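> Take a look at this one; I'll ask things after.
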Amino acid sequence: MKRCLSRMVLVTAAGVAGLSILFSSASPGKPSPATAQSSVRRLTEAQHRNVIADVFGRNVEVVGRFEPDLRVDGLAAVGSSAVSITPAGLEQYDAIARHIVAQVFSPDNRARLVGCAPGPGDPDGATCAATFIQQTGLRLFRRPLAPWEVRDDVAQTLGSARTLGSFDEGLAATLVGMLTSPSFLFRIDTPARTGRSGMVDGYSKASRLSFLLWNTTPDDALLAAAASGALDRPEGLQAQVDRMLASPRFTDGTRAFFDDFLQLSEIDHLSKDALIYPAFSTSVATATREQTLRTITDLLIDHRGDYRDLFTTRRFAMTRALGPIYDVPVSKPGWSIYEFPEGDPRVGILTQASLLALHAHPGRTSPTLRGKAIREALLCQQIPAPPANVNFAVVQDVNNPTLKTTRQRLEAHLDDEECASCHKATDGIGLSLEQFDGAGQFRRTEHGIPIDVTGKFDKVAFDGVAKLGQLFHDSPRVSECLVSAVWRYGNGRNVQAGDQSAVDDLHRSFAAHGYRFVDLVRTIALDPAFYTMGAPATRSLTAARTAMSKGKAS
Amino acid sequence: MTNPISRRGFMLRGALGGASVAVGIPILDAFLDTNGTAFAATVGGGRLPVRFGTWFWGCGMIPERWVPQKAGAEYDLPPQLAPIKAVQQHVCVLSGFDVMLDGKANLPHISGNTAVRTGESAEAWQGIKAPTFDVLISDAIGSGSYFRALDLSLDGNPQTSYSYRNGSSLNASVPSPLELYEKVFGSDFHDPNNADFKPDPKFMVRKSVLSGVGEQRRALLAKVGAADRARLDQYFTSVREMEDKLALQLQKPPPAQACLRPDAPVPVRGDITDIDVRKANHKLMTRLLGMALACNQTRVFNMNFDTAAAELRRAGDTTGYHQSTHEELVDRTLGYQPTVDKFALGSMEAWADFVQTLSEIPEGAGTLLDNMLVLAHSEVSLAKNHDVSGIPVMLAGRAGGRVKPGLHVKGSGEPVSRIGLTAQQVMGVPVDTWGAGAMRSNRAVDEILV
Amino acid sequence: MGKGNLCPTLAVAMLGLTAGGTALAADAPTGGQPGTRAFVATGLFLSGGTDAKSDAPRSPGNFEVYLSMLPPAERAELSSPGKRRDLQKRMWDQFGFRRLSLWPGDFGGRSQVAKLPPDVKLHQKPTPEQLRAIAALNGFPKDRGSLAYQNQTIAYSSCTNPYDFPALAKGYVPYTGKVSYGMNLDGKVGAKDFTGPDGEKGIDNQLWRAIGAYKQSQEMNDPAVREKVMLSARAPMLIEVSGIDDTVNDPDVTVRVLTGADSLVRDGSGKPLARASFTLDPDPALVNVTHGRIVNGVLTTDPIDLRFVFREQIVDNTRLVRGAVIKATFTPEGNLDGGVFGYTTLTSFYDMIEQMTQDGADNVGMSCVGVRMAIDRFADGYRDPKTGRFTAISSAMKFHAVPAFVIDPAMRTANSNSSQMEAAR
């Protein structure tokens with residue numbers, strides 16, 4: 001089972017000057033060192049698929065293996081600023097591209113997607129090629145093509161057409177080239193040509209906005225706003241932001257953020273011991289991810305709710321596949337909202353099977369893994385790895401006749417002051433979740449012993465996971481972590497010293513106005529700082545505050 | 001690894017010199033896979049073709065006597081797997097993968113087989129909704145060889161085949177060794193060692209397009225900061241490497257070293273439904289198939305040892321294989337059906353024979369089997385009950401280095417469509433999800449992938 | 001019991017369920033309505049007894065019977081290896097069995113295709129009139145020709161019309177053992193009755209007497225064999241017990257026996273998946289309601305006429321068991337194990353046999369004629385006042401059931417929230 005590490009070491013290809021982005025071991029609580037401001041971010045797999053769907057239609061299949069995304073301090077969005085493309089990865093993108101292009105030029109799609117052909121007025125098809133390349137290039141590259149780019153691509157098309165004896169094959173080959181071009185595979189910012197230095201140009205703004213709100217390429221309306229310069233004016237920007245927030249596609253964007261924030265993609269690799277947890281299967285695993293995402297969007301978007309309520313909500317999205325895990329009747333085969341009654345142990349996303357099963361072993365729970373994951377993802381804290389010479393034998397022996405519960409085994413295993421410093425932070429949370437087994441199913445006892453669900457969160461003792469949820473609800477650190485995560489997700493880098501006060505302001509505004517996720521995203525999207533290029537110090541703090549005070553909830 | 005740039009220079013000079021460069025290619029680091037194994041064959045990009053085939057036997061096995069206890073390498077061989085001992089290193093056993101019927105009826109000897117081969121069970125072959133996976137694979141890789149695929153049966157019946165393009169389009173089998181000989185090695189034989197090689201212009205165009213992408217490098221690097229320059233440079237290095245691979249395709253392939261046109265076979269005598277006669281016929285057919293593969297006549301084949309609801313019988317016994325599965329009582333002392341057990345053993349002996357024959361044909365630095373992926377399966381597990389859970393599947397070969405042989409993988413109730421998906425992905429079919437309903441899967445069987 | 005972190009109303013309900021010491025599967029507060037436990041049966045198996053003697057007489061299947069009817073020379077020839085197909089063909093030809101496909105091209109090419117009158121479309125179930133026309137067009141004997149194999153063929157055989165082929169009952173023997181699983185249904189101890197495995201007298205299980213000597217029946221009686229049988233269970237039986245105050249002793253509970261519209265699913269270990277939700281088959285005739293009592297953890301229901309569905313491989317059969325009693329134990333693992341005892345109607349039982357088809361009967365060593373005549377002979381319940389004949393036969397079926405949730409159609413439109421609020425009160 002893949003697990004994410006709290007630190008990443010990245011080294012570029014051998015033979016090229018090595019550049020490593022190293023995060024040294026930090027003690028719990030401190031944020032990571034700076035990531036460089038990046039104007040080049042590789043598309044994630046989800047973004048790649050979304051862009052193809054938007055440009056060519058949902059019926060065009062995107063098939064193949066993508067170069068894996070890299071998580072930096074938990075977010076693939078930040079990692080996208082650190083990765084490149086390996087030779088094997090490029091071969092895959094090329095294969096994916098050829099498959100896409102074959103469908104684009106198939107009889108079913110050609111008329112709609114290509115629409116022109118060589119004819120009496122255009123015997124070699126140069127005009128048709130130029131039109132197609134410009135129109136498609138604008139959507140694929142998220143910017144207009146330069147005249148020289150169009151010229152070169154048309155020449156390439158005509159040359160290939162001659163070699164292959166077919167205009168379509170020539171144009172298709174050029175399209176494959178576009179789909180493997182760095183301008184498609186990477187989001188590359190362009191500085192604004194005139195006026196405001198340190199800002200990106202209109203198309204780059206459109207791109208950043210669109211990937212933040214909808215996780216895809218800008219649509220026609222947004223591209224038009226970029227072309228006309230509307231995005232450079234506050235009211236023009238606001239009109240687009242509000243339009244996009246009101247769209248159902250904002251739900252997709254929200255899902256993409258929380259999927260990254262909670263690292264739910266790891267569920268794709270999750271498997272459990274079939275004899276110990278027979279009710280758990282790969283389709284159940286997939287359903288747990290969907291459940292958490294739907295629970296979140298139901299609360300935060302459909303009900304414009306308070307983010308903190310995610311830790312105390314009893315409204316869980318539910319489907320038949322999950323009924324056996326939650327031991328509840330599920331009336332419909334599709335998705336619906338199931339409300340757990342007062343007093344039920346299921347309360348808040350900390351009791352959802354996605355997180356509980358993901359951060360556990362194939363055949364048993366792990367309070368430490370759960371506590372660590374919660375600290376790192378939801379509290380933005382760092383937990384270092386254990387030292388190399390730890391003996392796990394005691395905690396792994398589930399058949400120990402005297403140490404019957406996980407709590408007992410863990411306590412026996414932690415015989416050292418040195419261990420306690422980190423384990424206090426993780427186990428205090430994780431042990432309160434022990435009533436949920438390694439597959440997320442509820443149990444009262446372990447080997448006949450009733451499970452003790454007391455815990456400690458930041459010096460406050462509590463009994464039961466409902467209380468833990470309430471503590472998370474009330475903790476400023478939880479909401480601060482969300483704010484900084486959304487900021488990092490949008491900007492593709494970590495918070496540096498110069499950004500900190502802006503992030504603090506964001507949090508103050510978030511807290512003062514009901515902790516609404518929609519409003520948080522809106523504020524970030526309207527902040528001119530979101531559209532800067534280069535070092536953060538060039539940004540004006542006043543401009544940021546002004547933007548925030550205008551960006552109130554509607 | 002020495003400086004790759006000088007290698008690239010060498011390659012480009014050679015390629016620019018002319019369209020067809022008929023030189024023996026030295027073994028350079030660039031051709032080695034990450035393990036340093038020579039001629040790592042990749043579909044479409046390497047020098048040795050990877051072949052795919054299926055091997056079908058009817059009436060399954062007796063699970064308690066077939067499924068190994070230990071997972072992973074050096075798995076134990078229960079009694080019905082004892083015959084594969086000599087070839088165990090080449091064979092992966094995949095147990096516990098189920099057919100999920102999604103509420104449909106379990107039509108005896110049909111539902112399991114349609115499910116394994118198309119990813120969705122159907123109540124009749126005519127009702128299948130998609131081609132069988134061997135057709136999908138031959139569509140992806142078969143066009144480069146003289147025969148898109150070779151479908152073979154051993155009972156004289158061309159209808160003994162489980163390869164369908166759609167419900168009304170069965171790929172009929174060549175039903176005897178003699179007919180196979182005539183088809184492949186008869187008067188129309190295409191000897192690969194004599195062929196005139198013509199480079200495919202498609203590769204020229206692809207290479208040229210990539211080269212155009214590479215030309216954007218200077219302009220792009222000028223736009224970005226230092227850290228980003230390094231990352232983009234890595235990307236452009238990858239572009240150059242792909243160009244080099246495409247350049248290779250423009251050169252003549254290496255000779256098929258083991259290809260020797262064989263003599264016409266002497267047909268086997270006796271009742272073809274008797275299992276021993278069948279095994280002899282199978283041996284003959286397998287040798288011809290092996291030579292056809294070594295001579296690059298095809299890249300895809302389907303071998304059918306017998307039919308679903310096997311018509312095999314044994315001289316001296318009163319009931320045949322299929323009847324035995326339903327009629328024979330479980331022996332109280334042994335705990336299983338003894339006649340059924342013998343037939344299952346016979347099927348496994350034939351399989352071992354098949355694998356052994358292919359492993360003895362040299363190719364490249366290894367054998368033909370190293371450059372193949374063979375998927376053996378039945379249509380049921382315990383035939384007595386037409387049980388479609390835990391349908392037995394085995395793989396043989398290394399697929400040119402993409403697959404690890406010699407492992408036992410326990411499926412634990414996972415859908416059997418994961419195996420069909422894995423085979424397609426290994427063979428280069430662009431697919432990430434396969435199967436329907438509860439068998440719709442996007443997860444390959446990672447344990448066997450290199 | 002866990003720490004006191006439940007609100008009082010639920011705690012009271014939970015107390016009721018846990019008092020008495022029998023541990024329950026649903027040890028979460030959620031888990032459906034309090035006082036209600038529902039289960040899905042993973043299979044229903046006709047059960048009886050096994051002869052202690054290994055050389056006890058067996059009822060012959062069709063091939064055995066037919067071979068014994070042949071002259072010696074032919075018998076020797078057709079008994080020999082590899083001749084099974086020829087034997088079957090000869091038997092079919094001699095008796096005039098017919099089977100024609102109404103769906104061209106299926107069944108491995110062994111079936112011929114029926115000629116169809118112009119008004120009959122392919123793949124559409126023919127009306128009775130159309131069926132008669134098809135039969136006539138294809139040379140079936142007068143008034144013969146029935147739909148078989150899930151309405152995909154038109155057939156005439158010893159299974160569609162057993163009384164036409166009395167010869168195939170030759171050599172039939174009933175089960176002669178003294179001991180059988182079952183229940184004393186009529187309250188009497190009679191000469192025809194069995195003794196139960198634990199010594200109880202008066203056990204009524206004439207169905208076992210009728211078919212128990214067939215090799216197939218003996219095999220299915222062996223638990224080791226039964227456990228490996230396919231659980232295709234496309235119309236699983238659901239048993240819902242409600243109004244439970246105490247799973248150990250409760251004088252009155254309500255029991256509903258229902259049919260699910262969703263198939264039974266296996267879990268990762270190959271066993272039936274517990275706690276899945278099942279939508280009900282909408283047919284009201286499949287809803288059976290009765291009352292029962294629990295004594296020392298054993299549930300016994302009052303008798304009712306029970307209708308359920310057996311849908312497995314090529315068979316889709318609605319069974320009617322009259323005066324049916326369910327007797328089952330709530331196990332420590334949280335399951336329900338027991339049996340259904342009652343008088344299975346001859347019509348509904350034989351329908352299942354007929355659906356096996358002649359070919360099926362040939363291959364599993366049973367004789368439809370033998371079975372038909374035996375159940376007529378041994379029928380012992382529900383005499384038809386007009387004909388004076390018994391219409392049903394005492395029987396016993398074992399089942400193993402795991403926890404499940406029953407989704408009533410009414411519940412589907414209601415907000416699940418409100419039903420949980422009800423539960424919390």
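So you can find residues: chains in the structure tokens are A, B, ... in the order shown, residues in each start at 1, and ligands are numbered from 1 in order.
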Pull out every residue of chain B that has at least one atom within 6 Å of chain C, counting only C-alpha atoms, and report them as a PyMOL selection string.
chain B and resi 103+105-107+317-318+326-327+387+412-413
> Could you build a table of the residues in chain A lying no more than 9 Å from chain C, giving for each the nearest pair of atoms and their separation in Å rounded to one decimal place, using only C-alpha atoms, ordered by chain and ascending residue number, as a Markdown table?

| residue | atom | partner | partner_atom | distance |
| --- | --- | --- | --- | --- |
| A:Asp273 | CA | C:Gly268 | CA | 8.4 |
| A:Ala274 | CA | C:Gly268 | CA | 4.7 |
| A:Leu275 | CA | C:Ser269 | CA | 5.1 |
| A:Ile276 | CA | C:Ser269 | CA | 8.4 |
| A:Tyr277 | CA | C:Gly268 | CA | 7.5 |
| A:Pro278 | CA | C:Gly268 | CA | 4.3 |
| A:Ala279 | CA | C:Asp267 | CA | 5.4 |
| A:Phe280 | CA | C:Gly268 | CA | 6.9 |
| A:Ser281 | CA | C:Gly268 | CA | 6.6 |
| A:Arg320 | CA | C:Ser277 | CA | 6.5 |
| A:Ala321 | CA | C:Ala276 | CA | 7.7 |
| A:Leu322 | CA | C:Ala276 | CA | 8.4 |
| A:Gly323 | CA | C:Ala276 | CA | 5.9 |
| A:Pro324 | CA | C:Arg275 | CA | 4.5 |
| A:Ile325 | CA | C:Arg275 | CA | 8.0 |
| A:Tyr326 | CA | C:Gly31 | CA | 8.0 |
| A:Asp327 | CA | C:Gly31 | CA | 5.0 |
| A:Val328 | CA | C:Gly31 | CA | 4.8 |
| A:Pro329 | CA | C:Phe405 | CA | 5.3 |
| A:Val330 | CA | C:Ser277 | CA | 5.9 |
| A:Ser331 | CA | C:Arg412 | CA | 5.2 |
| A:Lys332 | CA | C:Arg412 | CA | 6.7 |
| A:Pro333 | CA | C:Ser277 | CA | 8.9 |
| A:Ile337 | CA | C:Ser416 | CA | 8.2 |
| A:Tyr338 | CA | C:Ser416 | CA | 6.3 |
| A:Glu339 | CA | C:Asn417 | CA | 5.3 |
| A:Phe340 | CA | C:Gln420 | CA | 7.3 |
| A:Pro341 | CA | C:Gln420 | CA | 6.3 |
| A:Glu342 | CA | C:Cys7 | CA | 7.3 |
| A:Gly343 | CA | C:Leu6 | CA | 4.9 |
| A:Asp344 | CA | C:Pro29 | CA | 6.0 |
| A:Pro345 | CA | C:Pro29 | CA | 7.8 |
| A:Phe442 | CA | C:Ala28 | CA | 6.4 |
| A:Arg443 | CA | C:Asp27 | CA | 6.6 |
| A:Arg444 | CA | C:Gly2 | CA | 6.3 |
| A:Thr445 | CA | C:Gly2 | CA | 8.1 |
| A:Pro450 | CA | C:Gly2 | CA | 6.1 |
| A:Ile451 | CA | C:Gly2 | CA | 7.4 |
| A:Asp452 | CA | C:Lys3 | CA | 8.2 |
| A:Val453 | CA | C:Lys3 | CA | 8.7 |
| A:Asp463 | CA | C:Asn5 | CA | 8.6 |
| A:Gly464 | CA | C:Asn5 | CA | 7.6 |
> Can you tell me, as an NGL selection string, which residues in segment 306-419 of chain B count as strand (DSSP E or B) by DSSP?
:B and (313 or 362-363 or 366-367 or 372-377 or 382 or 393-396 or 403 or 407-410 or 415)
> As a PyMOL selection string, list the residues of segment 34-243 of chain B assigned to alpha helix (DSSP H) by DSSP on the backbone atoms of this structure.
chain B and resi 63-66+111-118+133-141+177-185+201-214+217-223+226-243
> Please determine the contact residues of chain B with respect to chain A at a cut-off of 9 Å, counting only C-alpha atoms, and supply them as an mmCIF file with N, CA, C and O atoms, in the first residue's frame.

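Final output, saved to part-v3.cif:
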data_model
loop_
_atom_site.group_PDB
_atom_site.id
_atom_site.type_symbol
_atom_site.label_atom_id
_atom_site.label_comp_id
_atom_site.auth_asym_id
_atom_site.auth_seq_id
_atom_site.Cartn_x
_atom_site.Cartn_y
_atom_site.Cartn_z
ATOM 1 N N ASN B 3 28.221 9.314 -21.029
ATOM 2 C CA ASN B 3 27.484 10.490 -21.470
ATOM 3 C C ASN B 3 26.544 10.138 -22.629
ATOM 4 O O ASN B 3 26.978 9.755 -23.697
ATOM 5 N N PRO B 4 25.258 10.313 -22.416
ATOM 6 C CA PRO B 4 24.313 9.892 -23.456
ATOM 7 C C PRO B 4 24.377 10.759 -24.706
ATOM 8 O O PRO B 4 23.978 10.346 -25.769
ATOM 9 N N PRO B 201 6.562 5.190 -43.380
ATOM 10 C CA PRO B 201 6.604 6.660 -43.351
ATOM 11 C C PRO B 201 5.946 7.262 -42.111
ATOM 12 O O PRO B 201 6.262 8.383 -41.726
ATOM 13 N N LYS B 202 5.048 6.515 -41.475
ATOM 14 C CA LYS B 202 4.404 7.042 -40.257
ATOM 15 C C LYS B 202 5.457 7.360 -39.197
ATOM 16 O O LYS B 202 5.340 8.356 -38.486
ATOM 17 N N MET B 204 8.517 8.177 -39.770
ATOM 18 C CA MET B 204 9.260 9.363 -40.188
ATOM 19 C C MET B 204 8.510 10.620 -39.766
ATOM 20 O O MET B 204 9.100 11.581 -39.274
ATOM 21 N N VAL B 205 7.214 10.595 -39.989
ATOM 22 C CA VAL B 205 6.419 11.784 -39.672
ATOM 23 C C VAL B 205 6.409 12.036 -38.169
ATOM 24 O O VAL B 205 6.588 13.170 -37.715
ATOM 25 N N ARG B 206 6.202 10.970 -37.402
ATOM 26 C CA ARG B 206 6.170 11.154 -35.942
ATOM 27 C C ARG B 206 7.479 11.717 -35.445
ATOM 28 O O ARG B 206 7.522 12.587 -34.565
ATOM 29 N N SER B 208 9.548 13.524 -37.090
ATOM 30 C CA SER B 208 9.691 14.900 -37.537
ATOM 31 C C SER B 208 8.866 15.848 -36.669
ATOM 32 O O SER B 208 9.292 16.954 -36.329
ATOM 33 N N VAL B 209 7.674 15.405 -36.285
ATOM 34 C CA VAL B 209 6.814 16.234 -35.435
ATOM 35 C C VAL B 209 7.480 16.457 -34.084
ATOM 36 O O VAL B 209 7.507 17.573 -33.557
ATOM 37 N N LEU B 210 8.028 15.379 -33.526
ATOM 38 C CA LEU B 210 8.697 15.497 -32.220
ATOM 39 C C LEU B 210 9.882 16.436 -32.321
ATOM 40 O O LEU B 210 10.175 17.185 -31.387
ATOM 41 N N GLY B 212 10.051 18.945 -34.186
ATOM 42 C CA GLY B 212 9.485 20.290 -34.150
ATOM 43 C C GLY B 212 9.200 20.740 -32.736
ATOM 44 O O GLY B 212 9.436 21.889 -32.364
ATOM 45 N N VAL B 213 8.707 19.795 -31.921
ATOM 46 C CA VAL B 213 8.464 20.117 -30.510
ATOM 47 C C VAL B 213 9.778 20.491 -29.846
ATOM 48 O O VAL B 213 9.866 21.469 -29.106
ATOM 49 N N GLY B 214 10.805 19.706 -30.146
ATOM 50 C CA GLY B 214 12.112 19.960 -29.556
ATOM 51 C C GLY B 214 12.667 21.321 -29.916
ATOM 52 O O GLY B 214 13.388 21.941 -29.139
ATOM 53 N N GLN B 216 11.179 24.025 -29.934
ATOM 54 C CA GLN B 216 10.629 25.120 -29.124
ATOM 55 C C GLN B 216 11.487 25.394 -27.899
ATOM 56 O O GLN B 216 11.239 26.347 -27.152
ATOM 57 N N LEU B 220 11.343 28.679 -25.266
ATOM 58 C CA LEU B 220 10.646 28.443 -24.014
ATOM 59 C C LEU B 220 11.573 28.665 -22.818
ATOM 60 O O LEU B 220 11.178 29.282 -21.820
ATOM 61 N N LYS B 223 11.975 32.074 -21.477
ATOM 62 C CA LYS B 223 10.832 32.707 -20.809
ATOM 63 C C LYS B 223 10.802 32.472 -19.300
ATOM 64 O O LYS B 223 10.100 33.178 -18.585
ATOM 65 N N VAL B 224 11.468 31.444 -18.848
ATOM 66 C CA VAL B 224 11.204 31.006 -17.474
ATOM 67 C C VAL B 224 12.413 31.190 -16.561
ATOM 68 O O VAL B 224 13.526 31.437 -17.019
ATOM 69 N N GLY B 225 12.176 31.052 -15.244
ATOM 70 C CA GLY B 225 13.228 31.217 -14.255
ATOM 71 C C GLY B 225 14.158 30.006 -14.201
ATOM 72 O O GLY B 225 13.913 28.984 -14.825
ATOM 73 N N ALA B 227 15.007 27.663 -11.917
ATOM 74 C CA ALA B 227 14.548 26.351 -11.444
ATOM 75 C C ALA B 227 13.666 25.692 -12.501
ATOM 76 O O ALA B 227 13.778 24.492 -12.778
ATOM 77 N N ASP B 228 12.815 26.468 -13.113
ATOM 78 C CA ASP B 228 11.929 25.923 -14.129
ATOM 79 C C ASP B 228 12.700 25.514 -15.376
ATOM 80 O O ASP B 228 12.304 24.565 -16.059
ATOM 81 N N ALA B 230 15.550 24.038 -15.545
ATOM 82 C CA ALA B 230 16.070 22.677 -15.366
ATOM 83 C C ALA B 230 14.965 21.640 -15.596
ATOM 84 O O ALA B 230 15.180 20.613 -16.241
ATOM 85 N N ARG B 231 13.776 21.922 -15.075
ATOM 86 C CA ARG B 231 12.677 20.962 -15.242
ATOM 87 C C ARG B 231 12.276 20.838 -16.704
ATOM 88 O O ARG B 231 12.028 19.754 -17.219
ATOM 89 N N LEU B 232 12.208 21.967 -17.396
ATOM 90 C CA LEU B 232 11.834 21.911 -18.806
ATOM 91 C C LEU B 232 12.918 21.218 -19.629
ATOM 92 O O LEU B 232 12.625 20.511 -20.580
ATOM 93 N N ASP B 233 14.159 21.394 -19.202
ATOM 94 C CA ASP B 233 15.236 20.714 -19.930
ATOM 95 C C ASP B 233 15.099 19.203 -19.802
ATOM 96 O O ASP B 233 15.390 18.469 -20.736
ATOM 97 N N GLN B 234 14.677 18.755 -18.652
ATOM 98 C CA GLN B 234 14.462 17.322 -18.491
ATOM 99 C C GLN B 234 13.392 16.853 -19.467
ATOM 100 O O GLN B 234 13.500 15.796 -20.102
ATOM 101 N N TYR B 235 12.332 17.638 -19.589
ATOM 102 C CA TYR B 235 11.279 17.295 -20.538
ATOM 103 C C TYR B 235 11.851 17.189 -21.953
ATOM 104 O O TYR B 235 11.572 16.232 -22.683
ATOM 105 N N PHE B 236 12.676 18.154 -22.350
ATOM 106 C CA PHE B 236 13.207 18.131 -23.713
ATOM 107 C C PHE B 236 14.179 16.975 -23.933
ATOM 108 O O PHE B 236 14.309 16.459 -25.032
ATOM 109 N N THR B 237 14.841 16.560 -22.866
ATOM 110 C CA THR B 237 15.670 15.354 -22.977
ATOM 111 C C THR B 237 14.803 14.150 -23.291
ATOM 112 O O THR B 237 15.161 13.300 -24.115
ATOM 113 N N SER B 238 13.654 14.095 -22.652
ATOM 114 C CA SER B 238 12.734 12.997 -22.925
ATOM 115 C C SER B 238 12.263 13.029 -24.369
ATOM 116 O O SER B 238 12.096 11.979 -25.001
ATOM 117 N N VAL B 239 12.066 14.223 -24.893
ATOM 118 C CA VAL B 239 11.644 14.349 -26.287
ATOM 119 C C VAL B 239 12.710 13.768 -27.216
ATOM 120 O O VAL B 239 12.399 12.998 -28.126
ATOM 121 N N ARG B 240 13.944 14.102 -26.941
ATOM 122 C CA ARG B 240 15.036 13.590 -27.802
ATOM 123 C C ARG B 240 15.114 12.078 -27.746
ATOM 124 O O ARG B 240 15.346 11.411 -28.748
ATOM 125 N N GLU B 241 14.899 11.530 -26.560
ATOM 126 C CA GLU B 241 14.973 10.065 -26.444
ATOM 127 C C GLU B 241 13.888 9.389 -27.263
ATOM 128 O O GLU B 241 14.099 8.341 -27.876
ATOM 129 N N MET B 242 12.718 10.016 -27.286
ATOM 130 C CA MET B 242 11.643 9.428 -28.083
ATOM 131 C C MET B 242 11.979 9.517 -29.560
ATOM 132 O O MET B 242 11.681 8.601 -30.327
ATOM 133 N N SER B 412 -8.517 -13.505 -4.188
ATOM 134 C CA SER B 412 -9.424 -13.178 -3.079
ATOM 135 C C SER B 412 -10.749 -12.592 -3.536
ATOM 136 O O SER B 412 -11.228 -11.613 -2.979
ATOM 137 N N GLY B 413 -11.327 -13.162 -4.551
ATOM 138 C CA GLY B 413 -12.656 -12.725 -4.953
ATOM 139 C C GLY B 413 -12.670 -11.525 -5.884
ATOM 140 O O GLY B 413 -13.736 -11.014 -6.216
ATOM 141 N N GLU B 414 -11.502 -11.067 -6.275
ATOM 142 C CA GLU B 414 -11.462 -9.955 -7.227
ATOM 143 C C GLU B 414 -11.998 -10.418 -8.591
ATOM 144 O O GLU B 414 -11.965 -11.597 -8.905
ATOM 145 N N GLN B 425 -3.122 -4.537 -21.261
ATOM 146 C CA GLN B 425 -2.187 -3.448 -20.972
ATOM 147 C C GLN B 425 -0.746 -3.877 -21.233
ATOM 148 O O GLN B 425 0.035 -3.124 -21.803
ATOM 149 N N VAL B 429 -2.383 -2.552 -25.532
ATOM 150 C CA VAL B 429 -3.697 -2.046 -25.951
ATOM 151 C C VAL B 429 -4.005 -0.804 -25.115
ATOM 152 O O VAL B 429 -3.862 -0.859 -23.903
ATOM 153 N N PRO B 430 -4.408 0.304 -25.722
ATOM 154 C CA PRO B 430 -4.708 1.488 -24.913
ATOM 155 C C PRO B 430 -6.031 1.325 -24.173
ATOM 156 O O PRO B 430 -7.087 1.606 -24.708
ATOM 157 N N VAL B 431 -5.972 0.789 -22.982
ATOM 158 C CA VAL B 431 -7.202 0.579 -22.216
ATOM 159 C C VAL B 431 -6.871 0.796 -20.750
ATOM 160 O O VAL B 431 -5.823 0.369 -20.275
ATOM 161 N N ASP B 432 -7.722 1.518 -20.025
ATOM 162 C CA ASP B 432 -7.471 1.596 -18.593
ATOM 163 C C ASP B 432 -8.632 1.036 -17.777
ATOM 164 O O ASP B 432 -8.510 0.837 -16.597
ATOM 165 N N THR B 433 -9.746 0.770 -18.457
ATOM 166 C CA THR B 433 -10.875 0.163 -17.754
ATOM 167 C C THR B 433 -11.463 -0.891 -18.668
ATOM 168 O O THR B 433 -11.607 -0.654 -19.860
ATOM 169 N N ALA B 438 -20.238 -5.399 -12.210
ATOM 170 C CA ALA B 438 -19.348 -5.652 -11.070
ATOM 171 C C ALA B 438 -17.960 -6.063 -11.531
ATOM 172 O O ALA B 438 -17.007 -6.032 -10.753
ATOM 173 N N SER B 441 -13.364 -3.014 -14.223
ATOM 174 C CA SER B 441 -12.179 -2.837 -13.389
ATOM 175 C C SER B 441 -11.168 -1.945 -14.073
ATOM 176 O O SER B 441 -11.031 -1.965 -15.295
ATOM 177 N N ARG B 443 -8.027 -1.876 -12.424
ATOM 178 C CA ARG B 443 -6.819 -2.233 -11.691
ATOM 179 C C ARG B 443 -6.176 -3.449 -12.298
ATOM 180 O O ARG B 443 -6.778 -4.519 -12.357
#
> I'd like the neighbourhood of Tyr336 of chain B as a PyMOL selection string, where a residue qualifies if any of its atoms comes within 12 Å (using only C-alpha atoms), though same-chain residues fewer than 2 positions away should be ignored.
(chain B and resi 61-66+79-80+324-325+328-334+338-342+382+384) or (chain C and resi 224-225)
> Using only C-alpha atoms, determine which residues lie at most 7 Å from Gly35 of chain C, disregarding the query and same-chain residues fewer than 2 positions distant; provide the list as a list in words.
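Within the cut-off, the hits are Gln33, Arg37, Ser242, Gly243, Ile244 and Asp245 of chain C.
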